[in-house]
>>> print(open('coords.cif').read())   # mmCIF, C-alpha atoms and all ligand atoms
data_my_file
#
loop_
_atom_site.label_atom_id
_atom_site.label_comp_id
_atom_site.auth_asym_id
_atom_site.auth_seq_id
_atom_site.Cartn_x
_atom_site.Cartn_y
_atom_site.Cartn_z
CA MET A 1 3.41 -21.56 -5.33
CA THR A 2 3.11 -24.37 -7.89
CA GLN A 3 2.51 -23.67 -11.56
CA GLU A 4 -0.71 -25.65 -11.43
CA HIS A 5 -2.03 -23.47 -8.58
CA ARG A 6 -1.11 -20.28 -10.42
CA GLN A 7 -2.98 -21.38 -13.54
CA GLU A 8 -6.02 -22.50 -11.65
CA PHE A 9 -6.41 -19.26 -9.72
CA SER A 10 -4.52 -16.31 -11.16
CA GLN A 11 -5.29 -16.06 -14.81
CA ASP A 12 -7.26 -12.82 -14.42
CA SER A 13 -6.90 -9.66 -12.34
CA THR A 14 -6.15 -9.54 -8.61
CA THR A 15 -9.81 -8.85 -7.99
CA THR A 16 -10.77 -12.06 -9.72
CA SER A 17 -8.06 -13.85 -7.75
CA ALA A 18 -9.72 -12.66 -4.52
CA GLN A 19 -13.10 -13.93 -5.71
CA ARG A 20 -11.62 -17.28 -6.65
CA MET A 21 -9.72 -17.68 -3.40
CA PHE A 22 -12.61 -16.64 -1.16
CA GLY A 23 -15.22 -18.28 -3.37
CA SER A 24 -13.59 -21.67 -3.04
CA GLN A 25 -12.61 -21.25 0.62
CA ALA A 26 -15.77 -19.56 1.95
CA SER A 27 -16.76 -22.42 4.26
CA MET A 28 -13.24 -22.44 5.78
CA TYR A 29 -13.53 -18.75 6.63
CA ALA A 30 -17.04 -19.31 8.02
CA THR A 31 -15.65 -21.81 10.56
CA SER A 32 -12.28 -20.14 11.23
CA GLN A 33 -11.93 -19.48 14.97
CA VAL A 34 -9.74 -16.42 14.44
CA HIS A 35 -12.44 -14.92 12.19
CA ILE A 36 -15.39 -15.95 14.38
CA HIS A 37 -13.80 -14.02 17.21
CA ASP A 38 -10.46 -12.43 18.06
CA ASN A 39 -9.12 -9.65 20.27
CA ARG A 40 -9.47 -7.20 17.37
CA LEU A 41 -13.20 -7.85 17.15
CA THR A 42 -13.51 -7.18 20.90
CA THR A 43 -11.77 -3.80 20.42
CA LEU A 44 -13.85 -2.97 17.32
CA GLN A 45 -17.04 -3.79 19.16
CA ARG A 46 -16.08 -1.54 22.07
CA MET A 47 -15.34 1.31 19.62
CA ILE A 48 -18.72 0.79 17.93
CA ALA A 49 -20.48 0.74 21.31
CA GLU A 50 -18.79 4.03 22.27
CA SER A 51 -19.77 5.76 19.00
CA PRO A 52 -23.20 7.40 18.63
CA ALA A 53 -25.67 4.57 17.82
CA PRO A 54 -25.55 4.20 14.02
CA ARG A 55 -28.74 4.03 12.02
CA ARG A 56 -27.00 2.79 8.88
CA ALA A 57 -23.72 0.86 8.86
CA ILE A 58 -21.73 -0.86 6.12
CA ASP A 59 -19.24 -3.66 6.77
CA LEU A 60 -16.68 -3.80 3.95
CA GLY A 61 -15.00 -7.05 2.93
CA ALA A 62 -17.55 -8.66 5.23
CA GLY A 63 -16.47 -12.25 4.54
CA ALA A 64 -18.72 -14.60 6.52
CA GLY A 65 -20.13 -11.62 8.39
CA PHE A 66 -18.61 -11.73 11.87
CA THR A 67 -17.81 -8.02 12.02
CA ALA A 68 -21.17 -7.13 10.48
CA PHE A 69 -22.84 -9.13 13.28
CA ALA A 70 -20.83 -7.22 15.91
CA ALA A 71 -22.07 -3.94 14.37
CA ALA A 72 -25.63 -5.28 14.07
CA GLU A 73 -25.85 -5.40 17.89
CA TYR A 74 -25.83 -1.58 17.86
CA ALA A 75 -26.98 -0.45 14.40
CA GLY A 76 -30.43 -0.05 12.91
CA LEU A 77 -29.27 -1.70 9.67
CA VAL A 78 -25.92 -3.17 8.63
CA VAL A 79 -25.13 -3.98 5.01
CA ALA A 80 -22.51 -6.72 4.69
CA SER A 81 -20.64 -5.73 1.52
CA ASP A 82 -18.20 -8.07 -0.21
CA LEU A 83 -16.82 -8.86 -3.62
CA THR A 84 -17.40 -12.59 -3.28
CA ARG A 85 -20.88 -14.08 -3.56
CA GLU A 86 -20.01 -17.31 -1.73
CA MET A 87 -18.86 -15.34 1.31
CA LEU A 88 -22.10 -13.35 1.35
CA LEU A 89 -24.06 -16.60 1.22
CA GLU A 90 -22.20 -17.66 4.39
CA THR A 91 -23.11 -14.30 5.96
CA ARG A 92 -26.76 -14.87 5.10
CA ARG A 93 -26.74 -18.40 6.52
CA ILE A 94 -25.01 -17.41 9.79
CA ALA A 95 -27.16 -14.28 10.20
CA GLY A 96 -30.20 -16.59 10.01
CA ASP A 97 -28.69 -19.01 12.55
CA ARG A 98 -27.95 -16.12 14.93
CA GLY A 99 -31.37 -14.52 14.43
CA PHE A 100 -30.26 -11.19 12.94
CA SER A 101 -33.01 -9.47 10.95
CA ASN A 102 -31.08 -6.18 10.42
CA VAL A 103 -28.23 -7.51 8.25
CA GLY A 104 -28.49 -6.90 4.49
CA LEU A 105 -26.15 -8.09 1.73
CA CYS A 106 -24.48 -6.28 -1.15
CA GLN A 107 -22.01 -7.76 -3.64
CA ASN A 108 -19.58 -5.05 -4.75
CA ARG A 109 -15.95 -3.96 -4.75
CA ALA A 110 -14.84 -1.83 -1.82
CA GLU A 111 -13.31 0.52 -4.39
CA GLU A 112 -16.74 1.32 -5.94
CA LEU A 113 -19.46 1.58 -3.31
CA PRO A 114 -23.08 1.73 -4.49
CA PHE A 115 -24.18 3.96 -1.60
CA ALA A 116 -25.17 7.61 -1.61
CA THR A 117 -22.77 10.37 -0.59
CA ASP A 118 -23.01 11.42 3.11
CA SER A 119 -25.53 8.64 3.82
CA ILE A 120 -23.78 6.23 6.21
CA ASP A 121 -23.14 6.63 9.96
CA LEU A 122 -20.57 3.87 10.41
CA VAL A 123 -18.24 1.82 8.19
CA THR A 124 -16.54 -1.24 9.67
CA CYS A 125 -13.81 -3.36 8.10
CA ARG A 126 -11.76 -6.19 9.68
CA ALA A 127 -9.09 -8.41 8.14
CA ALA A 128 -10.01 -7.28 4.62
CA GLY A 129 -8.23 -4.03 3.69
CA HIS A 130 -4.98 -5.83 2.80
CA HIS A 131 -6.96 -7.82 0.19
CA PHE A 132 -8.38 -4.75 -1.58
CA THR A 133 -6.78 -4.13 -4.97
CA ASP A 134 -6.74 -0.38 -4.34
CA LEU A 135 -7.06 0.51 -0.66
CA GLY A 136 -6.67 4.22 -1.43
CA ALA A 137 -9.73 4.11 -3.69
CA ALA A 138 -11.64 2.26 -0.96
CA PHE A 139 -10.73 5.01 1.55
CA ASN A 140 -11.93 7.64 -0.95
CA GLU A 141 -15.25 5.82 -1.20
CA ILE A 142 -15.55 5.40 2.58
CA HIS A 143 -14.98 9.14 2.99
CA ARG A 144 -17.60 9.87 0.33
CA ILE A 145 -20.40 7.69 1.77
CA LEU A 146 -19.87 8.60 5.45
CA ARG A 147 -21.96 11.45 6.78
CA PRO A 148 -19.91 14.33 8.22
CA ALA A 149 -18.35 13.12 11.53
CA GLY A 150 -19.33 9.52 10.70
CA SER A 151 -16.89 6.81 11.80
CA LEU A 152 -14.67 4.25 10.12
CA VAL A 153 -13.82 1.47 12.61
CA MET A 154 -11.20 -0.82 11.12
CA ALA A 155 -8.74 -3.59 12.00
CA ASP A 156 -6.13 -4.93 9.64
CA SER A 157 -2.75 -6.63 9.58
CA VAL A 158 0.12 -4.17 9.26
CA SER A 159 3.86 -4.42 8.57
CA PRO A 160 6.66 -3.40 10.89
CA GLU A 161 8.46 -0.22 9.77
CA ASP A 162 11.66 -2.24 9.18
CA ASP A 163 11.94 -2.84 5.41
CA ALA A 164 13.45 -6.34 5.64
CA LEU A 165 10.71 -7.50 8.01
CA ALA A 166 8.00 -5.91 5.85
CA VAL A 167 9.32 -7.71 2.76
CA TRP A 168 9.59 -11.08 4.56
CA TYR A 169 6.08 -10.76 5.99
CA ASN A 170 4.40 -9.84 2.70
CA ASP A 171 6.34 -12.57 0.90
CA MET A 172 5.06 -15.20 3.37
CA GLU A 173 1.51 -13.93 2.95
CA LEU A 174 1.64 -13.87 -0.85
CA ARG A 175 3.09 -17.37 -1.14
CA ARG A 176 0.38 -18.66 1.18
CA ASP A 177 -2.49 -16.71 -0.50
CA PHE A 178 -2.06 -15.54 -4.12
CA SER A 179 -4.86 -12.98 -3.60
CA HIS A 180 -2.88 -11.15 -0.89
CA VAL A 181 -2.22 -7.53 -1.90
CA GLU A 182 -0.22 -5.83 0.89
CA ASN A 183 0.14 -5.51 4.64
CA ARG A 184 1.12 -1.85 4.79
CA LYS A 185 3.31 -0.16 7.34
CA VAL A 186 1.35 1.77 9.99
CA SER A 187 3.01 5.00 8.83
CA VAL A 188 1.78 4.38 5.26
CA LEU A 189 -1.74 3.48 6.37
CA LEU A 190 -2.06 6.55 8.61
CA LYS A 191 -0.84 8.83 5.81
CA MET A 192 -3.37 7.32 3.38
CA LEU A 193 -6.16 8.07 5.86
CA GLU A 194 -4.97 11.58 6.63
CA ASP A 195 -4.66 12.42 2.92
CA ARG A 196 -8.31 11.44 2.46
CA GLY A 197 -9.77 13.43 5.35
CA LEU A 198 -10.23 10.44 7.65
CA LYS A 199 -8.93 11.64 11.03
CA VAL A 200 -7.75 8.87 13.34
CA VAL A 201 -9.02 9.56 16.88
CA GLU A 202 -8.09 6.25 18.52
CA GLN A 203 -5.60 3.54 17.56
CA HIS A 204 -4.22 0.35 19.13
CA ASP A 205 -1.47 -2.06 18.16
CA GLU A 206 -2.73 -5.60 18.51
CA ARG A 207 -1.64 -9.05 17.41
CA THR A 208 -3.46 -11.84 15.65
CA TYR A 209 -2.33 -15.18 17.12
CA MET A 210 -2.40 -18.09 14.67
CA MET A 211 -1.11 -21.61 14.04
CA PHE A 212 0.74 -22.39 10.82
CA ASN A 213 -1.13 -25.63 9.90
CA ASP A 214 -4.53 -24.01 10.26
CA TRP A 215 -3.35 -20.87 8.41
CA VAL A 216 -2.28 -22.75 5.25
CA LYS A 217 -5.28 -25.10 5.39
CA ARG A 218 -7.70 -22.16 5.31
CA THR A 219 -6.31 -21.01 1.94
CA ALA A 220 -5.75 -24.53 0.51
CA THR A 221 -2.11 -23.62 -0.11
CA PRO A 222 -0.49 -26.29 -2.31
CA GLN A 223 1.69 -28.80 -0.46
CA ALA A 224 4.94 -27.73 -2.15
CA ASP A 225 4.36 -24.16 -0.96
CA VAL A 226 3.44 -25.34 2.54
CA VAL A 227 6.79 -27.14 2.74
CA SER A 228 8.79 -24.11 1.62
CA LEU A 229 6.82 -21.73 3.86
CA ARG A 230 7.33 -24.00 6.88
CA ARG A 231 11.06 -24.08 6.12
CA ASP A 232 11.19 -20.28 5.87
CA PHE A 233 9.26 -19.80 9.13
CA LEU A 234 11.64 -22.16 10.94
CA ASN A 235 14.72 -20.49 9.37
CA ALA A 236 13.51 -16.92 9.89
CA THR A 237 16.05 -14.44 11.27
CA PRO A 238 16.09 -13.93 15.05
CA HIS A 239 14.61 -10.46 14.42
CA ALA A 240 11.68 -11.94 12.44
CA ARG A 241 11.15 -14.73 15.00
CA GLU A 242 11.03 -12.18 17.80
CA THR A 243 8.79 -9.72 15.92
CA PHE A 244 6.26 -12.30 14.75
CA LEU A 245 6.50 -14.49 17.90
CA ILE A 246 7.41 -17.54 15.78
CA GLU A 247 7.51 -20.58 18.06
CA PRO A 248 7.67 -24.23 16.89
CA GLN A 249 5.09 -26.35 18.73
CA GLY A 250 5.37 -30.08 17.90
CA ASP A 251 4.60 -30.42 14.18
CA ASP A 252 3.01 -26.95 14.16
CA ILE A 253 4.29 -23.37 14.47
CA ALA A 254 2.68 -20.63 16.55
CA PHE A 255 3.05 -17.06 15.30
CA ALA A 256 1.37 -13.65 15.57
CA TRP A 257 0.86 -11.01 12.90
CA PRO A 258 0.83 -7.35 13.97
CA SER A 259 -2.47 -5.52 13.48
CA LEU A 260 -3.73 -1.99 13.82
CA VAL A 261 -7.22 -1.33 15.17
CA PHE A 262 -8.45 2.24 14.85
CA ARG A 263 -11.39 4.60 14.68
CA ALA A 264 -11.28 7.48 12.20
CA ILE A 265 -13.78 10.30 11.76
CA LYS A 266 -14.77 11.90 8.48
CA SER A 267 -13.62 15.51 8.50
C1 LIG A 301 -10.60 -12.50 5.44
S1 LIG A 301 -12.09 -12.13 4.68
C2 LIG A 301 -12.83 -10.92 5.74
C3 LIG A 301 -13.22 -11.35 7.10
C4 LIG A 301 -14.35 -10.57 7.72
N1 LIG A 301 -14.24 -9.13 7.52
C5 LIG A 301 -14.52 -10.86 9.19
O1 LIG A 301 -14.47 -9.93 10.01
O2 LIG A 301 -14.71 -12.06 9.53
C6 LIG A 301 -11.63 -11.02 3.37
C7 LIG A 301 -12.79 -10.67 2.47
O3 LIG A 301 -12.42 -9.57 1.63
C8 LIG A 301 -13.14 -9.73 0.42
N2 LIG A 301 -12.51 -8.88 -0.61
C9 LIG A 301 -11.30 -9.04 -1.20
N3 LIG A 301 -11.08 -8.03 -2.06
C10 LIG A 301 -12.18 -7.22 -2.03
C11 LIG A 301 -12.53 -6.00 -2.67
N4 LIG A 301 -11.72 -5.39 -3.54
N5 LIG A 301 -13.73 -5.45 -2.37
C12 LIG A 301 -14.57 -6.04 -1.48
N6 LIG A 301 -14.28 -7.19 -0.83
C13 LIG A 301 -13.09 -7.77 -1.10
C14 LIG A 301 -13.05 -11.20 0.14
O4 LIG A 301 -14.05 -11.62 -0.76
C15 LIG A 301 -13.22 -11.79 1.54
O5 LIG A 301 -14.53 -12.13 1.81
#
>>> encode(input="coords.cif", output="structure tokens")
Amino acid sequence: MTQEHRQEFSQDSTTTSAQRMFGSQASMYATSQVHIHDNRLTTLQRMIAESPAPRRAIDLGAGAGFTAFAAAEYAGLVVASDLTREMLLETRRIAGDRGFSNVGLCQNRAEELPFATDSIDLVTCRAAGHHFTDLGAAFNEIHRILRPAGSLVMADSVSPEDDALAVWYNDMELRRDFSHVENRKVSVLLKMLEDRGLKVVEQHDERTYMMFNDWVKRTATPQADVVSLRRDFLNATPHARETFLIEPQGDDIAFAWPSLVFRAIKS
């Protein structure tokens, strides 16, 4: 990461960093194919469809709204909740284009939810938890707002259990996106949920397939960092190449991040 980039974006807290990153890059996320649809969204949508039809749902870290729209097919009302105003404006625009009249907007931190205790049937969250400054606090809030036996349906990138791979992976993510917080190991994530009374009833390991050039373009990563990241992808250990399916393709590099998709019930 260049000094100039650091100064431009990270002078305040991590939360402000997330707002600055996603505020400036909102239109990139609104047109990102992997966010518009991926295999994780298909799994999430099936889990939502198999849950009792929710009257009230909240999508946390909603971004440009693609997971909120998946929930809106089944829910009476979905509130797309996000820290970043520019992302919510994209949600509003796309909801209008797609003709959704049951998608509301709320600008707030996932760690402090302005919703009543025991009031929500379903919480969804895709590709956002690893950006939250305090995921544990967000899980506390999710548990508080869900009605008894309400569902959290979530997909997020996760680290392998191997320490060296986990360090390499989070280092790549942080150098590409200064607002990255942490891709946690599955064991850590499951313990966080269990400790907060969110009982996982279904879980799947999935992968998010991406291309390097598109990945760094989406976050406007400075050129010097792109060069060093590309070098580190190409020089990754055989174990990392195998785990993350790193495959040079012409002047680009294909890779896949591991993800966990799960449904948890409030107990
Ligand atoms: C990659 S985007 C989410 C994509 C979206 N969920 C989807 O399915 O297309 C991550 C989002 O998390 C939001 N975010 C980051 N930190 C947050 C926090 N602490 N609370 C709420 N939202 C946060 C960002 O503003 C951004 O819109």
>>> atom_distance(input="coords.cif", atom1="CA of Ile253 in chain A", atom2="CA of Trp215 in chain A")
10.1 Å
>>> atom_distance(input="coords.cif", atom1="CA of Arg46 in chain A", atom2="CA of Gln203 in chain A")
12.5 Å
>>> atom_distance(input="coords.cif", atom1="CA of Ile120 in chain A", atom2="atom N5 of ligand LIG 301 (chain A)")
17.6 Å
>>> closest_residue(input="coords.cif", among="A:Pro148, A:Gly136, A:Gly197, A:Gly129", to="Leu260 in chain A", atoms="all atoms listed in the file")
A:Gly129
>>> closest_residue(input="coords.cif", among="A:Gly76, A:Gly96, A:Gly23, A:Pro160", to="ligand LIG 301 (chain A)", atoms="all atoms listed in the file")
A:Gly23
>>> residues_around(input="coords.cif", residues="Ser24 in chain A", least_positions_apart="2", cutoff="10 Å", atoms="all atoms listed in the file", output="ChimeraX atom specification")
/A:18-22,26-28,84,86-87,219-220
>>> residues_near_ligand(input="coords.cif", ligand="ligand LIG 301 (chain A)", cutoff="6 Å", atoms="only C-alpha atoms and all ligand atoms", output="VMD selection string")
chain A and resid 15 18 to 19 22 35 61 to 67 82 to 84 87 109 to 110 125 to 128 131 to 133
>>> residues_around(input="coords.cif", residues="range 166-174 of chain A", least_positions_apart="2", cutoff="10 Å", atoms="all atoms listed in the file", output="NGL selection string")
:A and (1 or 158-164 or 176-185 or 216 or 225 or 228-230 or 232-233 or 236-237 or 240 or 244 or 257)
>>> residues_near_point(input="coords.cif", point="(5.1, -19.3, 13.8)", cutoff="8 Å", atoms="only C-alpha atoms", output="number ranges by chain")
A: 210-212, 233-234, 241, 244-248, 252-256
>>> write_last_selection(input="coords.cif", atoms="C-alpha atoms", output="tab-separated table (two decimals), in the frame of the given file")
chain	number	residue	atom	x	y	z
A	210	MET	CA	-2.40	-18.09	14.67
A	211	MET	CA	-1.11	-21.61	14.04
A	212	PHE	CA	0.74	-22.39	10.82
A	233	PHE	CA	9.26	-19.80	9.13
A	234	LEU	CA	11.64	-22.16	10.94
A	241	ARG	CA	11.15	-14.73	15.00
A	244	PHE	CA	6.26	-12.30	14.75
A	245	LEU	CA	6.50	-14.49	17.90
A	246	ILE	CA	7.41	-17.54	15.78
A	247	GLU	CA	7.51	-20.58	18.06
A	248	PRO	CA	7.67	-24.23	16.89
A	252	ASP	CA	3.01	-26.95	14.16
A	253	ILE	CA	4.29	-23.37	14.47
A	254	ALA	CA	2.68	-20.63	16.55
A	255	PHE	CA	3.05	-17.06	15.30
A	256	ALA	CA	1.37	-13.65	15.57
>>> closest_residue(input="coords.cif", among="A:Ile58, A:Leu193, A:Leu44, A:Ala155", to="Ala137 in chain A", atoms="only C-alpha atoms")
A:Leu193
>>> residues_near_point(input="coords.cif", point="(-17.4, 9.6, 9.9)", cutoff="10 Å", atoms="only C-alpha atoms", output="VMD selection string")
chain A and resid 118 120 to 123 142 to 153 197 to 199 263 to 267
>>> write_last_selection(input="coords.cif", atoms="C-alpha atoms", output="PDB file, in the frame of the given file")
ATOM      1  CA  ASP A 118     -23.010  11.420   3.110  1.00  0.00           C
ATOM      2  CA  ILE A 120     -23.780   6.230   6.210  1.00  0.00           C
ATOM      3  CA  ASP A 121     -23.140   6.630   9.960  1.00  0.00           C
ATOM      4  CA  LEU A 122     -20.570   3.870  10.410  1.00  0.00           C
ATOM      5  CA  VAL A 123     -18.240   1.820   8.190  1.00  0.00           C
ATOM      6  CA  ILE A 142     -15.550   5.400   2.580  1.00  0.00           C
ATOM      7  CA  HIS A 143     -14.980   9.140   2.990  1.00  0.00           C
ATOM      8  CA  ARG A 144     -17.600   9.870   0.330  1.00  0.00           C
ATOM      9  CA  ILE A 145     -20.400   7.690   1.770  1.00  0.00           C
ATOM     10  CA  LEU A 146     -19.870   8.600   5.450  1.00  0.00           C
ATOM     11  CA  ARG A 147     -21.960  11.450   6.780  1.00  0.00           C
ATOM     12  CA  PRO A 148     -19.910  14.330   8.220  1.00  0.00           C
ATOM     13  CA  ALA A 149     -18.350  13.120  11.530  1.00  0.00           C
ATOM     14  CA  GLY A 150     -19.330   9.520  10.700  1.00  0.00           C
ATOM     15  CA  SER A 151     -16.890   6.810  11.800  1.00  0.00           C
ATOM     16  CA  LEU A 152     -14.670   4.250  10.120  1.00  0.00           C
ATOM     17  CA  VAL A 153     -13.820   1.470  12.610  1.00  0.00           C
ATOM     18  CA  GLY A 197      -9.770  13.430   5.350  1.00  0.00           C
ATOM     19  CA  LEU A 198     -10.230  10.440   7.650  1.00  0.00           C
ATOM     20  CA  LYS A 199      -8.930  11.640  11.030  1.00  0.00           C
ATOM     21  CA  ARG A 263     -11.390   4.600  14.680  1.00  0.00           C
ATOM     22  CA  ALA A 264     -11.280   7.480  12.200  1.00  0.00           C
ATOM     23  CA  ILE A 265     -13.780  10.300  11.760  1.00  0.00           C
ATOM     24  CA  LYS A 266     -14.770  11.900   8.480  1.00  0.00           C
ATOM     25  CA  SER A 267     -13.620  15.510   8.500  1.00  0.00           C
TER      26      SER A 267
END
>>> closest_residue(input="coords.cif", among="A:Phe262, A:Phe100, A:Phe115, A:Tyr29", to="Asp214 in chain A", atoms="only C-alpha atoms")
A:Tyr29
>>> closest_residue(input="coords.cif", among="A:Lys191, A:Arg196, A:Arg85, A:Arg98", to="Phe69 in chain A", atoms="all atoms listed in the file")
A:Arg98
>>> closest_residue(input="coords.cif", among="A:Gly99, A:Asn235, A:Ala116, A:Val261", to="Val200 in chain A", atoms="all atoms listed in the file")
A:Val261
